[in-house]
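Remarks on the structure that follows.
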Amino acid sequence: MKVLPILRKRRTVRRFSDRGVSRDMVRTLIRAGCFAPSAHDLRPWRVVAIDDMKVKERLADLSSAAYLRSLNSRKVGGAEEKAARARLRLIRAPVILVVCLDRSSLRQEDSYRRKRNEWIMATQSVSAMVQNILLQASAMGLAGCWRGVALFLGATLGAVLDLPPSFEPQALVEVGYPSEVPRKRMVQPVDVVLRFNTWAGE
């Protein structure tokens with residue numbers, strides 16, 4: 001089994017065709033995600049798949065409003081135009097996966113340090129799931145875009161999607177058939193990121 005070709009093929013895509021993504025295909029993506037490693041084998045991931053236009057519009061309104069506030073607070077030029085483009089992207093995505101961390105699945109610890117570390121390990125586990133989803137999408141001829149805006153929406157997003165209080169949104173993943181050819185990705189040379197035994201090397 002050769003994995004590298006799939007890894008090389010995967011790209012972030014922000015524009016999708018009108019071709020639909022079936023719920024069976026979504027289930028296949030989530031099934032692949034569930035094979036991800038997780039700390040203590042707790043599997044803290046939970047996913048809401050959005051394919052209803054009305055729900056997408058509500059989510060897009062929330063997301064673009066949060067993005068606009070962030071841009072304005074940093075005095076970024078063209079903020080309204082950028083927020084409008086971000087809203088349109090969400091609406092045009094055939095499926096949006098809201099990937100959450102379920103805090104109720106974590107080990108209950110007494111100390112702040114251990115609680116924080118359990119949470120960090122859970123976020124790492126959820127991230128591994130998202131990676132699996134994106135790789136499976138690529139293998140199926142689909143594409144996706146991992147967006148971190150979910151982290152800024154918090155309880156507001158929970159109210160829109162009727163999420164339990166223990167669900168912490170971690171990512172929005174747009175999924176669909178690509179309508180653009182993404183630019184070639186530059187991959188870091190291995191020697192930039194790898195040393196053996198110590199960072200000083202051998």
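Ordered as shown in the structure tokens, chains take letters A, B, and onward, while each chain numbers its residues from 1 and ligands are numbered from 1 in the order shown.
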Q: Could you give me, as a VMD selection string, each residue of region 5-181 of chain A that DSSP assigns to alpha helix (DSSP H) when run on this structure's backbone?
A: chain A and resid 5 to 9 23 to 33 53 to 73 79 to 92 112 to 139 150 to 160
For the contact check between region 95-192 of chain A and region 56-68 of chain A, emit one row per residue of region 95-192 of chain A within 8 Å, containing the shortest atom pair and the distance in Å rounded to one decimal, counting only C-alpha atoms, chain then rising number order, as a tab-separated table.
residue	atom	partner	partner_atom	distance
A:Ile96	CA	A:Lys56	CA	7.8
A:Val149	CA	A:Ser63	CA	6.8
A:Ala150	CA	A:Ser63	CA	7.9
A:Phe152	CA	A:Ala66	CA	7.1
A:Leu153	CA	A:Ser63	CA	7.1
A:Thr156	CA	A:Leu62	CA	7.9
A:Leu157	CA	A:Leu59	CA	7.3
A:Val160	CA	A:Leu59	CA	7.5
Q: Measuring atom to atom with only C-alpha atoms, identify which of A:Gln124, A:Pro189, A:Pro169, A:Ala159 is nearest to Ala36 (chain A).
A: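 The shortest atom-to-atom distance to Ala36 (chain A) comes from A:Gln124.
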Q | Shell of 10 Å around Pro94 (chain A), only C-alpha atoms, local chain residues under 6 positions omitted, as a list of chain:residue names | A |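 Once the adjacent positions are removed, what remains is A:Phe16, A:Ser17, A:Asp18, A:Arg19, A:Gly20, A:Val21, A:Ser22, A:Ile50, A:Asp51, A:Asp52, A:Met53, A:Lys56, A:Glu174, A:Val175, A:Gly176, A:Tyr177.
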(Q) Using only C-alpha atoms, which protein or nucleic acid residues come within 8 Å of region 100-109 of chain A? Drop anything in the same chain fewer than 4 positions from it, and give the result as a list in words. (A)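 My list of contacting residues is Leu42, Arg43, Pro44, Trp45, Arg46, Val47, Arg114, Lys115, Glu118, Trp119, Ala122, Thr123, Val126, Ser166, Phe167, Glu168, Pro169, Gln170 and Ala171 of chain A.
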Q. Do you have the CA of Cys145 (chain A)-CA of Ser125 (chain A) distance handy?
A.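 A separation of 18.4 Å between them.
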(Q) Taking only chain A into account, list the residues labelled strand (DSSP E or B) by DSSP (computed from the backbone), as a PyMOL selection string. (A) chain A and resi 12+16+45-50+95-102+143-147+167-176+178
Selected residues written out with C-alpha atoms, as a PDB file, in the first residue's frame:
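Wrote again.pdb, looks like this:
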ATOM      1  CA  THR A  12      -6.700  22.706   0.241  1.00  0.00           C
ATOM      2  CA  PHE A  16     -16.307  23.691  -5.340  1.00  0.00           C
ATOM      3  CA  TRP A  45     -14.654  13.543  18.252  1.00  0.00           C
ATOM      4  CA  ARG A  46     -18.244  14.325  17.299  1.00  0.00           C
ATOM      5  CA  VAL A  47     -19.373  15.682  13.917  1.00  0.00           C
ATOM      6  CA  VAL A  48     -22.397  17.560  12.597  1.00  0.00           C
ATOM      7  CA  ALA A  49     -22.628  17.425   8.793  1.00  0.00           C
ATOM      8  CA  ILE A  50     -24.507  20.360   7.276  1.00  0.00           C
ATOM      9  CA  VAL A  95     -21.219  19.934   2.777  1.00  0.00           C
ATOM     10  CA  ILE A  96     -19.782  21.535   5.895  1.00  0.00           C
ATOM     11  CA  LEU A  97     -18.504  19.278   8.649  1.00  0.00           C
ATOM     12  CA  VAL A  98     -18.519  20.840  12.102  1.00  0.00           C
ATOM     13  CA  VAL A  99     -15.984  18.783  14.011  1.00  0.00           C
ATOM     14  CA  CYS A 100     -16.297  19.003  17.784  1.00  0.00           C
ATOM     15  CA  LEU A 101     -14.467  17.828  20.858  1.00  0.00           C
ATOM     16  CA  ASP A 102     -16.757  16.220  23.424  1.00  0.00           C
ATOM     17  CA  ALA A 143     -11.462  18.040  -1.767  1.00  0.00           C
ATOM     18  CA  GLY A 144     -11.750  20.035   1.407  1.00  0.00           C
ATOM     19  CA  CYS A 145     -10.727  23.087   3.352  1.00  0.00           C
ATOM     20  CA  TRP A 146     -10.001  22.986   7.074  1.00  0.00           C
ATOM     21  CA  ARG A 147     -11.147  26.248   8.683  1.00  0.00           C
ATOM     22  CA  PHE A 167     -19.349  19.866  22.657  1.00  0.00           C
ATOM     23  CA  GLU A 168     -16.534  22.251  21.772  1.00  0.00           C
ATOM     24  CA  PRO A 169     -16.358  23.122  18.048  1.00  0.00           C
ATOM     25  CA  GLN A 170     -12.816  22.704  16.763  1.00  0.00           C
ATOM     26  CA  ALA A 171     -13.042  22.999  12.988  1.00  0.00           C
ATOM     27  CA  LEU A 172     -15.266  23.630  10.013  1.00  0.00           C
ATOM     28  CA  VAL A 173     -14.361  21.397   7.086  1.00  0.00           C
ATOM     29  CA  GLU A 174     -15.806  22.350   3.716  1.00  0.00           C
ATOM     30  CA  VAL A 175     -16.141  19.322   1.419  1.00  0.00           C
ATOM     31  CA  GLY A 176     -17.054  19.006  -2.235  1.00  0.00           C
ATOM     32  CA  PRO A 178     -13.155  20.875  -6.648  1.00  0.00           C
TER      33      PRO A 178
END
